[in-house]
$ cat coords.pdb   # PDB, C-alpha atoms
MODEL        1
ATOM      1  CA  MET A  28      10.603  35.573  30.080
ATOM      2  CA  LEU A  29       9.992  32.547  32.326
ATOM      3  CA  LYS A  30       6.970  31.649  30.196
ATOM      4  CA  LYS A  31       9.103  31.618  27.034
ATOM      5  CA  ILE A  32      11.673  29.351  28.663
ATOM      6  CA  ILE A  33       8.937  26.924  29.736
ATOM      7  CA  ILE A  34       7.368  26.844  26.256
ATOM      8  CA  PHE A  35      10.794  26.329  24.703
ATOM      9  CA  GLY A  36      11.514  23.518  27.182
ATOM     10  CA  VAL A  37       8.200  21.795  26.422
ATOM     11  CA  ILE A  38       8.854  21.978  22.674
ATOM     12  CA  ILE A  39      12.311  20.440  23.135
ATOM     13  CA  ILE A  40      10.884  17.603  25.247
ATOM     14  CA  LEU A  41       8.151  16.934  22.669
ATOM     15  CA  VAL A  42      10.716  16.795  19.874
ATOM     16  CA  ILE A  43      12.891  14.356  21.835
ATOM     17  CA  VAL A  44       9.913  12.160  22.750
ATOM     18  CA  GLY A  45       8.668  12.250  19.163
ATOM     19  CA  TYR A  46      12.075  11.413  17.734
ATOM     20  CA  ASN A  47      12.529   8.511  20.138
ATOM     21  CA  TYR A  48       9.109   7.194  19.196
ATOM     22  CA  VAL A  49       9.651   7.352  15.456
ATOM     23  CA  TYR A  50      13.232   6.077  15.604
ATOM     24  CA  GLN A  51      12.804   3.587  18.429
ATOM     25  CA  ASP A  52      15.158   0.629  18.633
ATOM     26  CA  HIS A  53      14.341  -2.846  17.451
ATOM     27  CA  ARG A  54      13.405  -5.399  20.085
ATOM     28  CA  ASN A  55      16.403  -6.982  21.696
ATOM     29  CA  ILE A  56      15.347 -10.619  21.900
ATOM     30  CA  GLU A  57      18.550 -11.653  23.643
ATOM     31  CA  ASN A  58      17.704  -9.452  26.639
ATOM     32  CA  GLU A  59      14.023 -10.338  26.741
ATOM     33  CA  LYS A  60      12.703 -12.881  29.176
ATOM     34  CA  ALA A  61      11.403 -15.996  27.443
ATOM     35  CA  GLU A  62       7.655 -16.514  27.755
ATOM     36  CA  PHE A  63       7.841 -20.231  27.065
ATOM     37  CA  SER A  64      10.481 -22.867  27.464
ATOM     38  CA  LEU A  65       9.918 -26.101  25.549
ATOM     39  CA  LYS A  66      11.565 -29.074  23.934
ATOM     40  CA  SER A  67      11.833 -28.962  20.132
ATOM     41  CA  SER A  68       9.440 -31.907  19.829
ATOM     42  CA  GLU A  69       6.803 -30.201  21.991
ATOM     43  CA  ILE A  70       6.552 -27.054  19.887
ATOM     44  CA  ALA A  71       6.743 -29.031  16.636
ATOM     45  CA  THR A  72       3.798 -31.196  17.742
ATOM     46  CA  LYS A  73       1.758 -28.118  18.646
ATOM     47  CA  PHE A  74       2.268 -26.628  15.174
ATOM     48  CA  LEU A  75       1.689 -29.938  13.418
ATOM     49  CA  GLU A  76      -1.594 -30.586  15.228
ATOM     50  CA  ASN A  77      -3.099 -27.143  14.880
ATOM     51  CA  SER A  78      -0.943 -24.491  13.292
ATOM     52  CA  THR A  79      -3.523 -21.706  13.661
ATOM     53  CA  GLU A  80      -3.817 -22.222  17.413
ATOM     54  CA  ALA A  81      -0.068 -22.553  17.789
ATOM     55  CA  GLU A  82       0.461 -19.350  15.795
ATOM     56  CA  LYS A  83      -1.884 -17.497  18.137
ATOM     57  CA  LEU A  84       0.061 -18.747  21.102
ATOM     58  CA  PHE A  85       3.650 -18.396  19.905
ATOM     59  CA  LEU A  86       3.899 -15.941  16.992
ATOM     60  CA  ASN A  87       6.290 -13.067  17.683
ATOM     61  CA  LYS A  88       6.995 -14.377  21.217
ATOM     62  CA  THR A  89      10.401 -14.920  22.718
ATOM     63  CA  ILE A  90      10.845 -18.580  23.614
ATOM     64  CA  GLU A  91      13.514 -21.060  24.661
ATOM     65  CA  ILE A  92      13.928 -24.346  22.825
ATOM     66  CA  SER A  93      16.061 -27.256  23.898
ATOM     67  CA  GLY A  94      17.119 -30.312  21.946
ATOM     68  CA  THR A  95      19.873 -31.865  19.896
ATOM     69  CA  ILE A  96      21.522 -30.035  17.024
ATOM     70  CA  SER A  97      20.865 -31.718  13.692
ATOM     71  CA  GLU A  98      22.400 -29.161  11.326
ATOM     72  CA  ILE A  99      24.760 -26.193  11.655
ATOM     73  CA  ASN A 100      25.610 -23.362   9.268
ATOM     74  CA  SER A 101      27.474 -20.121   9.827
ATOM     75  CA  ASN A 102      24.488 -18.194  11.173
ATOM     76  CA  ASP A 103      21.764 -20.760  11.688
ATOM     77  CA  LEU A 104      21.212 -24.127  13.263
ATOM     78  CA  THR A 105      18.431 -26.715  13.267
ATOM     79  CA  ILE A 106      17.316 -28.611  16.357
ATOM     80  CA  ASP A 107      16.112 -32.214  15.868
ATOM     81  CA  ASP A 108      15.096 -31.345  12.263
ATOM     82  CA  LYS A 109      12.099 -29.607  13.829
ATOM     83  CA  VAL A 110      13.104 -26.101  14.851
ATOM     84  CA  PHE A 111      15.180 -23.785  12.691
ATOM     85  CA  CYS A 112      17.047 -20.999  14.509
ATOM     86  CA  GLN A 113      18.588 -18.083  12.697
ATOM     87  CA  PHE A 114      21.097 -15.752  14.321
ATOM     88  CA  LEU A 115      21.527 -12.070  13.564
ATOM     89  CA  ASN A 116      25.265 -12.495  13.107
ATOM     90  CA  ASP A 117      27.606 -15.410  12.635
ATOM     91  CA  MET A 118      27.765 -17.612  15.716
ATOM     92  CA  LYS A 119      30.792 -17.150  17.904
ATOM     93  CA  GLU A 120      30.242 -20.285  19.942
ATOM     94  CA  THR A 121      31.876 -23.505  18.865
ATOM     95  CA  ILE A 122      29.125 -26.080  18.770
ATOM     96  CA  GLU A 123      28.810 -29.411  17.081
ATOM     97  CA  VAL A 124      26.134 -31.480  15.429
ATOM     98  CA  ASN A 125      24.533 -33.996  17.803
ATOM     99  CA  SER A 126      25.323 -31.932  20.891
ATOM    100  CA  LYS A 127      22.609 -30.703  23.227
ATOM    101  CA  VAL A 128      21.663 -27.073  23.009
ATOM    102  CA  LYS A 129      19.268 -24.521  24.433
ATOM    103  CA  VAL A 130      18.424 -21.559  22.241
ATOM    104  CA  LYS A 131      16.423 -18.413  22.841
ATOM    105  CA  GLY A 132      14.744 -16.689  19.907
ATOM    106  CA  ARG A 133      11.640 -15.131  18.443
ATOM    107  CA  VAL A 134       9.016 -17.353  16.770
ATOM    108  CA  ILE A 135       8.386 -16.092  13.229
ATOM    109  CA  GLY A 136       6.124 -18.935  12.130
ATOM    110  CA  TYR A 137       5.736 -22.407  10.752
ATOM    111  CA  ASP A 138       7.344 -23.568   7.553
ATOM    112  CA  ASP A 139       4.904 -25.998   5.901
ATOM    113  CA  LEU A 140       7.358 -26.965   3.184
ATOM    114  CA  LEU A 141       9.861 -28.459   5.613
ATOM    115  CA  GLU A 142       7.528 -28.853   8.583
ATOM    116  CA  GLN A 143       9.804 -26.815  10.796
ATOM    117  CA  VAL A 144       9.154 -24.042  13.276
ATOM    118  CA  LYS A 145      11.266 -20.999  12.482
ATOM    119  CA  LEU A 146      12.938 -18.691  14.988
ATOM    120  CA  ASP A 147      15.015 -15.596  14.293
ATOM    121  CA  GLN A 148      17.306 -13.319  16.335
ATOM    122  CA  CYS A 149      18.463 -16.363  18.245
ATOM    123  CA  ALA A 150      21.064 -16.666  20.968
ATOM    124  CA  ILE A 151      22.598 -19.800  22.446
ATOM    125  CA  ILE A 152      21.935 -20.069  26.165
ATOM    126  CA  LYS A 153      23.837 -23.270  26.757
TER     127      LYS A 153
ATOM    128  CA  MET B 202       4.622 -58.221   8.144
ATOM    129  CA  LYS B 203       8.227 -58.370   7.022
ATOM    130  CA  LYS B 204       7.077 -58.310   3.425
ATOM    131  CA  ILE B 205       5.025 -55.192   3.995
ATOM    132  CA  THR B 206       7.965 -53.459   5.642
ATOM    133  CA  PHE B 207      10.179 -54.468   2.739
ATOM    134  CA  VAL B 208       7.743 -53.183   0.146
ATOM    135  CA  ALA B 209       7.262 -49.956   2.103
ATOM    136  CA  LEU B 210      11.016 -49.411   2.340
ATOM    137  CA  LEU B 211      11.422 -50.186  -1.345
ATOM    138  CA  LEU B 212       8.744 -47.646  -2.250
ATOM    139  CA  ILE B 213      10.335 -45.012  -0.031
ATOM    140  CA  SER B 214      13.763 -45.580  -1.538
ATOM    141  CA  LEU B 215      12.391 -45.550  -5.081
ATOM    142  CA  ASN B 216      10.655 -42.321  -4.289
ATOM    143  CA  ALA B 217      13.903 -40.891  -2.932
ATOM    144  CA  ILE B 218      15.788 -41.816  -6.107
ATOM    145  CA  GLY B 219      13.060 -40.478  -8.362
ATOM    146  CA  GLN B 220      13.085 -37.027  -6.835
ATOM    147  CA  SER B 221      16.094 -34.850  -6.473
ATOM    148  CA  LYS B 222      15.497 -31.736  -4.504
ATOM    149  CA  TYR B 223      17.627 -28.729  -3.863
ATOM    150  CA  LEU B 224      16.619 -26.431  -1.051
ATOM    151  CA  THR B 225      17.561 -23.531   1.172
ATOM    152  CA  LYS B 226      16.198 -22.281   4.476
ATOM    153  CA  THR B 227      17.984 -18.966   4.280
ATOM    154  CA  GLY B 228      16.981 -17.538   0.947
ATOM    155  CA  SER B 229      16.717 -13.784   0.748
ATOM    156  CA  LEU B 230      13.800 -11.674  -0.347
ATOM    157  CA  ASP B 231      14.008  -7.886  -0.364
ATOM    158  CA  PHE B 232      11.241  -5.525  -1.204
ATOM    159  CA  GLU B 233      11.127  -1.819  -1.727
ATOM    160  CA  ALA B 234       8.128   0.488  -2.049
ATOM    161  CA  SER B 235       9.906   3.800  -1.602
ATOM    162  CA  VAL B 236       8.862   7.102  -3.060
ATOM    163  CA  PRO B 237      11.676   9.518  -3.950
ATOM    164  CA  SER B 238      12.455  12.163  -1.302
ATOM    165  CA  PHE B 239      10.499  10.327   1.403
ATOM    166  CA  GLU B 240      11.824   7.884   3.943
ATOM    167  CA  GLU B 241      12.929   4.564   2.484
ATOM    168  CA  VAL B 242      10.275   1.847   2.697
ATOM    169  CA  ALA B 243      12.238  -1.346   2.345
ATOM    170  CA  ALA B 244      12.697  -4.610   4.165
ATOM    171  CA  LYS B 245      14.727  -7.757   3.940
ATOM    172  CA  ASN B 246      13.829 -11.324   4.776
ATOM    173  CA  SER B 247      16.786 -13.683   4.924
ATOM    174  CA  SER B 248      15.071 -16.815   6.163
ATOM    175  CA  VAL B 249      13.004 -17.789   3.141
ATOM    176  CA  THR B 250      12.619 -21.503   2.479
ATOM    177  CA  ALA B 251      12.841 -22.445  -1.191
ATOM    178  CA  ILE B 252      12.791 -25.853  -2.862
ATOM    179  CA  ILE B 253      13.263 -26.889  -6.468
ATOM    180  CA  ASN B 254      12.620 -30.287  -7.942
ATOM    181  CA  THR B 255      15.463 -30.697 -10.419
ATOM    182  CA  ASP B 256      13.616 -33.338 -12.426
ATOM    183  CA  ASN B 257      10.888 -31.028 -13.636
ATOM    184  CA  GLY B 258      11.698 -27.507 -12.457
ATOM    185  CA  GLU B 259       8.829 -27.265  -9.985
ATOM    186  CA  PHE B 260       9.607 -24.595  -7.446
ATOM    187  CA  ALA B 261       8.133 -23.486  -4.123
ATOM    188  CA  ALA B 262       9.129 -20.714  -1.725
ATOM    189  CA  LEU B 263       7.755 -19.746   1.643
ATOM    190  CA  ALA B 264       8.534 -16.478   3.416
ATOM    191  CA  LEU B 265       7.405 -15.839   6.953
ATOM    192  CA  VAL B 266       6.094 -12.299   7.020
ATOM    193  CA  LYS B 267       7.316 -11.553  10.544
ATOM    194  CA  ALA B 268      10.858 -12.130   9.381
ATOM    195  CA  PHE B 269      10.863  -8.996   7.183
ATOM    196  CA  ARG B 270      13.251  -6.614   8.842
ATOM    197  CA  PHE B 271      13.075  -2.854   8.308
ATOM    198  CA  LYS B 272      15.702  -0.323   9.312
ATOM    199  CA  ASN B 273      13.031   1.527  11.230
ATOM    200  CA  ALA B 274      11.491  -0.543  14.033
ATOM    201  CA  LEU B 275       8.301   1.515  14.108
ATOM    202  CA  MET B 276       7.813   1.024  10.373
ATOM    203  CA  GLU B 277       8.255  -2.712  10.928
ATOM    204  CA  GLU B 278       5.581  -2.642  13.624
ATOM    205  CA  HIS B 279       3.136  -0.743  11.408
ATOM    206  CA  PHE B 280       3.877  -3.048   8.482
ATOM    207  CA  ASN B 281       3.020  -6.095  10.601
ATOM    208  CA  GLU B 282       0.061  -4.735  12.494
ATOM    209  CA  ASN B 283      -1.712  -2.352  10.142
ATOM    210  CA  TYR B 284      -0.771  -3.300   6.600
ATOM    211  CA  VAL B 285      -0.040  -6.970   6.074
ATOM    212  CA  GLU B 286      -1.665  -8.186   9.323
ATOM    213  CA  SER B 287       0.985 -10.802   9.919
ATOM    214  CA  ASP B 288      -0.796 -12.268  12.948
ATOM    215  CA  THR B 289      -3.648 -13.343  10.665
ATOM    216  CA  TYR B 290      -1.573 -13.974   7.526
ATOM    217  CA  PRO B 291       1.859 -15.070   8.708
ATOM    218  CA  LYS B 292       3.044 -16.589   5.420
ATOM    219  CA  ALA B 293       3.752 -15.612   1.847
ATOM    220  CA  ILE B 294       3.881 -18.637  -0.447
ATOM    221  CA  PHE B 295       4.977 -18.875  -4.043
ATOM    222  CA  LYS B 296       4.437 -22.022  -6.077
ATOM    223  CA  GLY B 297       5.478 -22.316  -9.662
ATOM    224  CA  LYS B 298       7.540 -23.893 -12.368
ATOM    225  CA  VAL B 299      10.756 -22.819 -14.021
ATOM    226  CA  GLY B 300      10.401 -22.750 -17.817
ATOM    227  CA  ASN B 301      12.559 -25.249 -19.751
ATOM    228  CA  PHE B 302      14.455 -26.283 -16.676
ATOM    229  CA  SER B 303      17.258 -28.688 -17.426
ATOM    230  CA  PHE B 304      19.505 -29.666 -14.546
ATOM    231  CA  ASP B 305      22.221 -31.068 -16.823
ATOM    232  CA  SER B 306      22.703 -27.846 -18.720
ATOM    233  CA  LEU B 307      23.353 -25.723 -15.625
ATOM    234  CA  SER B 308      26.833 -24.223 -15.405
ATOM    235  CA  GLU B 309      28.810 -21.534 -13.639
ATOM    236  CA  LYS B 310      27.669 -19.139 -16.313
ATOM    237  CA  ASP B 311      24.401 -17.317 -15.882
ATOM    238  CA  SER B 312      21.563 -18.775 -17.865
ATOM    239  CA  TYR B 313      18.296 -16.990 -18.308
ATOM    240  CA  SER B 314      14.874 -18.440 -17.876
ATOM    241  CA  HIS B 315      11.534 -17.449 -16.458
ATOM    242  CA  ILE B 316       9.176 -18.764 -13.849
ATOM    243  CA  ASP B 317       5.391 -18.906 -13.854
ATOM    244  CA  GLY B 318       3.415 -19.424 -10.714
ATOM    245  CA  SER B 319       1.144 -18.003  -8.089
ATOM    246  CA  LEU B 320       1.862 -15.919  -5.029
ATOM    247  CA  THR B 321      -0.368 -16.152  -1.980
ATOM    248  CA  PHE B 322      -0.031 -13.265   0.426
ATOM    249  CA  HIS B 323      -2.417 -11.495   2.787
ATOM    250  CA  GLY B 324      -5.085 -14.081   1.952
ATOM    251  CA  VAL B 325      -5.028 -13.282  -1.776
ATOM    252  CA  THR B 326      -3.634 -15.503  -4.518
ATOM    253  CA  LYS B 327      -2.299 -13.828  -7.618
ATOM    254  CA  ASP B 328      -0.864 -15.440 -10.729
ATOM    255  CA  LEU B 329       2.548 -14.218 -11.740
ATOM    256  CA  LYS B 330       3.646 -15.090 -15.235
ATOM    257  CA  GLY B 331       7.046 -14.865 -16.849
ATOM    258  CA  ILE B 332       9.153 -13.646 -13.956
ATOM    259  CA  PRO B 333      12.672 -13.375 -15.416
ATOM    260  CA  LEU B 334      15.085 -15.667 -13.654
ATOM    261  CA  THR B 335      18.859 -16.024 -13.630
ATOM    262  CA  VAL B 336      20.034 -19.553 -12.957
ATOM    263  CA  LYS B 337      23.523 -20.876 -12.382
ATOM    264  CA  MET B 338      25.307 -23.710 -10.666
ATOM    265  CA  LEU B 339      28.244 -22.830  -8.430
ATOM    266  CA  ASP B 340      30.005 -25.102  -5.900
ATOM    267  CA  ASP B 341      27.167 -27.633  -6.115
ATOM    268  CA  LYS B 342      24.625 -24.948  -5.352
ATOM    269  CA  ILE B 343      21.842 -23.916  -7.693
ATOM    270  CA  ILE B 344      21.589 -20.146  -7.534
ATOM    271  CA  LEU B 345      18.302 -18.590  -8.564
ATOM    272  CA  SER B 346      17.885 -14.851  -8.611
ATOM    273  CA  GLY B 347      15.615 -12.284 -10.104
ATOM    274  CA  ASN B 348      13.263  -9.414  -9.605
ATOM    275  CA  PHE B 349       9.576  -8.827 -10.084
ATOM    276  CA  LYS B 350       6.996  -6.195  -9.328
ATOM    277  CA  VAL B 351       3.667  -6.516  -7.594
ATOM    278  CA  MET B 352       0.990  -3.994  -6.733
ATOM    279  CA  VAL B 353       0.036  -3.396  -3.112
ATOM    280  CA  SER B 354      -3.613  -3.021  -4.193
ATOM    281  CA  ASP B 355      -3.612  -6.481  -5.827
ATOM    282  CA  PHE B 356      -3.249  -8.041  -2.403
ATOM    283  CA  GLU B 357      -6.044  -6.053  -0.765
ATOM    284  CA  ILE B 358      -3.654  -4.208   1.500
ATOM    285  CA  GLU B 359      -5.171  -0.938   2.533
ATOM    286  CA  ILE B 360      -2.928   2.076   2.736
ATOM    287  CA  PRO B 361      -4.291   4.957   4.819
ATOM    288  CA  LYS B 362      -4.602   8.222   2.840
ATOM    289  CA  ILE B 363      -2.221  10.020   5.168
ATOM    290  CA  VAL B 364       0.734   7.862   4.112
ATOM    291  CA  ALA B 365      -0.416   7.034   0.587
ATOM    292  CA  ASN B 366       1.933   9.549  -1.030
ATOM    293  CA  LYS B 367       4.939   8.234   0.906
ATOM    294  CA  LEU B 368       4.440   4.689  -0.236
ATOM    295  CA  SER B 369       4.577   3.362  -3.762
ATOM    296  CA  ASP B 370       1.707   1.111  -4.877
ATOM    297  CA  GLU B 371       4.223  -0.733  -7.000
ATOM    298  CA  VAL B 372       6.524  -2.893  -4.918
ATOM    299  CA  SER B 373       9.793  -4.113  -6.322
ATOM    300  CA  VAL B 374      10.840  -7.524  -5.033
ATOM    301  CA  ASP B 375      14.358  -9.004  -5.355
ATOM    302  CA  PHE B 376      15.055 -12.607  -4.587
ATOM    303  CA  ASN B 377      18.166 -14.718  -4.291
ATOM    304  CA  PHE B 378      18.164 -18.394  -3.400
ATOM    305  CA  GLU B 379      21.219 -20.612  -3.040
ATOM    306  CA  LEU B 380      19.855 -24.121  -3.063
ATOM    307  CA  VAL B 381      21.837 -27.131  -1.897
ATOM    308  CA  LYS B 382      21.074 -30.776  -2.547
ATOM    309  CA  LYS B 383      19.007 -32.601   0.023
TER     310      LYS B 383
ENDMDL
END

$ encode --input "coords.pdb" --output "structure tokens"
Amino acid sequence: MLKKIIIFGVIIILVIVGYNYVYQDHRNIENEKAEFSLKSSEIATKFLENSTEAEKLFLNKTIEISGTISEINSNDLTIDDKVFCQFLNDMKETIEVNSKVKVKGRVIGYDDLLEQVKLDQCAIIK
Amino acid sequence: MKKITFVALLLISLNAIGQSKYLTKTGSLDFEASVPSFEEVAAKNSSVTAIINTDNGEFAALALVKAFRFKNALMEEHFNENYVESDTYPKAIFKGKVGNFSFDSLSEKDSYSHIDGSLTFHGVTKDLKGIPLTVKMLDDKIILSGNFKVMVSDFEIEIPKIVANKLSDEVSVDFNFELVKK
């Protein structure tokens, strides 16, 4: 009897572990600690000089970027025309063009067409 | 020195007048490779950059592969690491030209055209001809939308046998770009 209960218990645990593995949550960038903290011009220069090296270093990493806002839309903003930050939802904060900002987000890559670094799942830190 | 600066500025301004570009940084690209009765294989990218030159209809779009978001986080991880290898090939680029593009004839009504070009993805460049395109102009935005199909095997993406029957080789791609003047 005890043996059956143990086997049953193990099966249940395996199912739960398996389910949690297959249906794991997405990364929560907002709660992750940033691996790098740079100015918009610093990261832009790195990508401009050698995009392959910069991709190796930054791709898929959570970073913080500071600078001056050059463009704002409902769920994205651009810092110094060099770093584009997209938010998951519309921004709640009231921010203005030309104000200083620090944003945390995930690096998704370099946009050659506009020569901008792109970040998604961003959050405004200050 | 002053003369050179003047000539340089003149050239830049002439260049600016000669080219009118409309662009977006938040275009959307959805793809689906589902097989009926298996789990949905679909993802959405809503940070695609797209630019059109309204003088001649030349068009370019760039999608960052890491920005494709799946419902299932594990599927997203496998997509990036095992299938499209987004660390090595982080970009998908389309360059082409809209057929018979005429900026002046755009209106709020849908007009139908096509686009020819080439798509570079996973290190492979493939020509795509005659992609049907719906074009309209609404609130000073040029809206381009359409759908095309590509084959996974055309881009040298290897699908392991174990999942091959859960994943369609034919991938349906929807795009929608709302371009504003720059």

$ interface_residues --input "coords.pdb" --of "chain A" --to "chain B" --cutoff "9 Å" --atoms "only C-alpha atoms" --output "list in words"
Tyr48, Val49, Tyr50, Gln51, Asp52, His53, Arg54, Thr79, Glu82, Lys83, Leu86, Asn87, Asp103, Phe111, Gln113, Val134, Ile135, Gly136, Tyr137, Asp138, Asp139, Leu140, Leu141, Lys145, Leu146 and Asp147 of chain A

$ resolve_selection --input "coords.pdb" --expression "the PyMOL selection byres ((chain B and resi 302) around 8)" --output "PyMOL selection string"
chain B and resi 255+257-258+299-301+303-304+314

$ write_last_selection --input "coords.pdb" --atoms "C-alpha atoms" --output "compact mmCIF listing (two decimals), in the frame of the given file"
# COMPACT_ATOMS: atom_id res chain seq x y z
CA THR B 255 15.46 -30.70 -10.42
CA ASN B 257 10.89 -31.03 -13.64
CA GLY B 258 11.70 -27.51 -12.46
CA VAL B 299 10.76 -22.82 -14.02
CA GLY B 300 10.40 -22.75 -17.82
CA ASN B 301 12.56 -25.25 -19.75
CA SER B 303 17.26 -28.69 -17.43
CA PHE B 304 19.50 -29.67 -14.55
CA SER B 314 14.87 -18.44 -17.88

$ atom_distance --input "coords.pdb" --atom1 "CA of Gly324 in chain B" --atom2 "CA of Lys245 in chain B"
20.9 Å

$ residues_around --input "coords.pdb" --residues "Lys119 in chain A" --least-positions-apart "3" --cutoff "12 Å" --atoms "only C-alpha atoms" --output "PyMOL selection string"
chain A and resi 100-103+114-116+122+150-151

$ atom_distance --input "coords.pdb" --atom1 "CA of Gln148 in chain A" --atom2 "CA of Val130 in chain A"
10.2 Å

$ atom_distance --input "coords.pdb" --atom1 "CA of Ile99 in chain A" --atom2 "CA of Tyr223 in chain B"
17.3 Å

$ resolve_selection --input "coords.pdb" --expression "the PyMOL selection byres ((chain B and resi 337-342) around 9)" --output "list in words"
Tyr223, Leu307, Ser308, Glu309, Lys310, Asp311, Ser312, Tyr313, Thr335, Val336, Ile343, Ile344, Leu345, Glu379, Leu380, Val381 and Lys382 of chain B

$ residues_around --input "coords.pdb" --residues "range 364-378 of chain B" --least-positions-apart "6" --cutoff "7 Å" --atoms "only C-alpha atoms" --output "MDAnalysis selection string"
chainID B and resid 225 228:236 239 344:354

$ closest_residue --input "coords.pdb" --among "B:Ile363, B:Lys383, B:Gly297, B:Ser221" --to "Lys330 in chain B" --atoms "all atoms listed in the file"
B:Gly297

$ closest_residue --input "coords.pdb" --among "A:Cys112, A:Leu65, A:Val144, A:Ile106" --to "Ser78 in chain A" --atoms "all atoms listed in the file"
A:Val144

$ axis_aligned_box --input "coords.pdb" --around "range 334-340 of chain B" --padding-each-side "8 Å" --output "AutoDock Vina command-line options"
--center_x 22.5 --center_y -20.4 --center_z -9.8 --size_x 30.9 --size_y 25.4 --size_z 23.8

$ resolve_selection --input "coords.pdb" --expression "the PyMOL selection byres ((chain A and resi 94) around 12)" --output "JSON, numbers by chain"
{"A": [64, 65, 66, 67, 68, 69, 70, 71, 91, 92, 93, 95, 96, 97, 98, 104, 105, 106, 107, 108, 109, 110, 111, 112, 124, 125, 126, 127, 128, 129, 130, 131, 151, 153]}

$ residues_around --input "coords.pdb" --residues "His323 in chain B" --least-positions-apart "6" --cutoff "8 Å" --atoms "all atoms listed in the file" --output "list in words"
Val285, Glu286, Ser287, Tyr290, Lys292, Ala293, Phe356, Glu357 and Ile358 of chain B

$ residues_around --input "coords.pdb" --residues "Ile90 in chain A" --least-positions-apart "5" --cutoff "7 Å" --atoms "only C-alpha atoms" --output "count of residues only"
7

$ build_atoms --input "coords.pdb" --residues "range 272-283 of chain B" --atoms "N, CA and C atoms" --output "short mmCIF file (atom, residue, chain, number, x, y, z; two decimals), in the coordinates of the input"
data_model
loop_
_atom_site.label_atom_id
_atom_site.label_comp_id
_atom_site.auth_asym_id
_atom_site.auth_seq_id
_atom_site.Cartn_x
_atom_site.Cartn_y
_atom_site.Cartn_z
N LYS B 272 14.74 -1.12 8.54
CA LYS B 272 15.70 -0.32 9.31
C LYS B 272 14.99 0.31 10.49
N ASN B 273 13.79 0.81 10.22
CA ASN B 273 13.03 1.53 11.23
C ASN B 273 12.08 0.57 11.96
N ALA B 274 12.28 0.43 13.26
CA ALA B 274 11.49 -0.54 14.03
C ALA B 274 10.01 -0.20 14.06
N LEU B 275 9.71 1.10 14.07
CA LEU B 275 8.30 1.52 14.11
C LEU B 275 7.60 1.17 12.78
N MET B 276 8.36 1.36 11.69
CA MET B 276 7.81 1.02 10.37
C MET B 276 7.52 -0.48 10.31
N GLU B 277 8.43 -1.26 10.90
CA GLU B 277 8.26 -2.71 10.93
C GLU B 277 6.98 -3.09 11.69
N GLU B 278 6.77 -2.38 12.81
CA GLU B 278 5.58 -2.64 13.62
C GLU B 278 4.31 -2.31 12.85
N HIS B 279 4.31 -1.14 12.19
CA HIS B 279 3.14 -0.74 11.41
C HIS B 279 2.89 -1.70 10.25
N PHE B 280 3.97 -2.09 9.59
CA PHE B 280 3.88 -3.05 8.48
C PHE B 280 3.17 -4.32 8.96
N ASN B 281 3.60 -4.85 10.09
CA ASN B 281 3.02 -6.10 10.60
C ASN B 281 1.59 -5.94 11.10
N GLU B 282 1.37 -4.86 11.84
CA GLU B 282 0.06 -4.74 12.49
C GLU B 282 -1.02 -4.13 11.60
N ASN B 283 -0.67 -3.08 10.86
CA ASN B 283 -1.71 -2.35 10.14
C ASN B 283 -1.83 -2.71 8.67
#
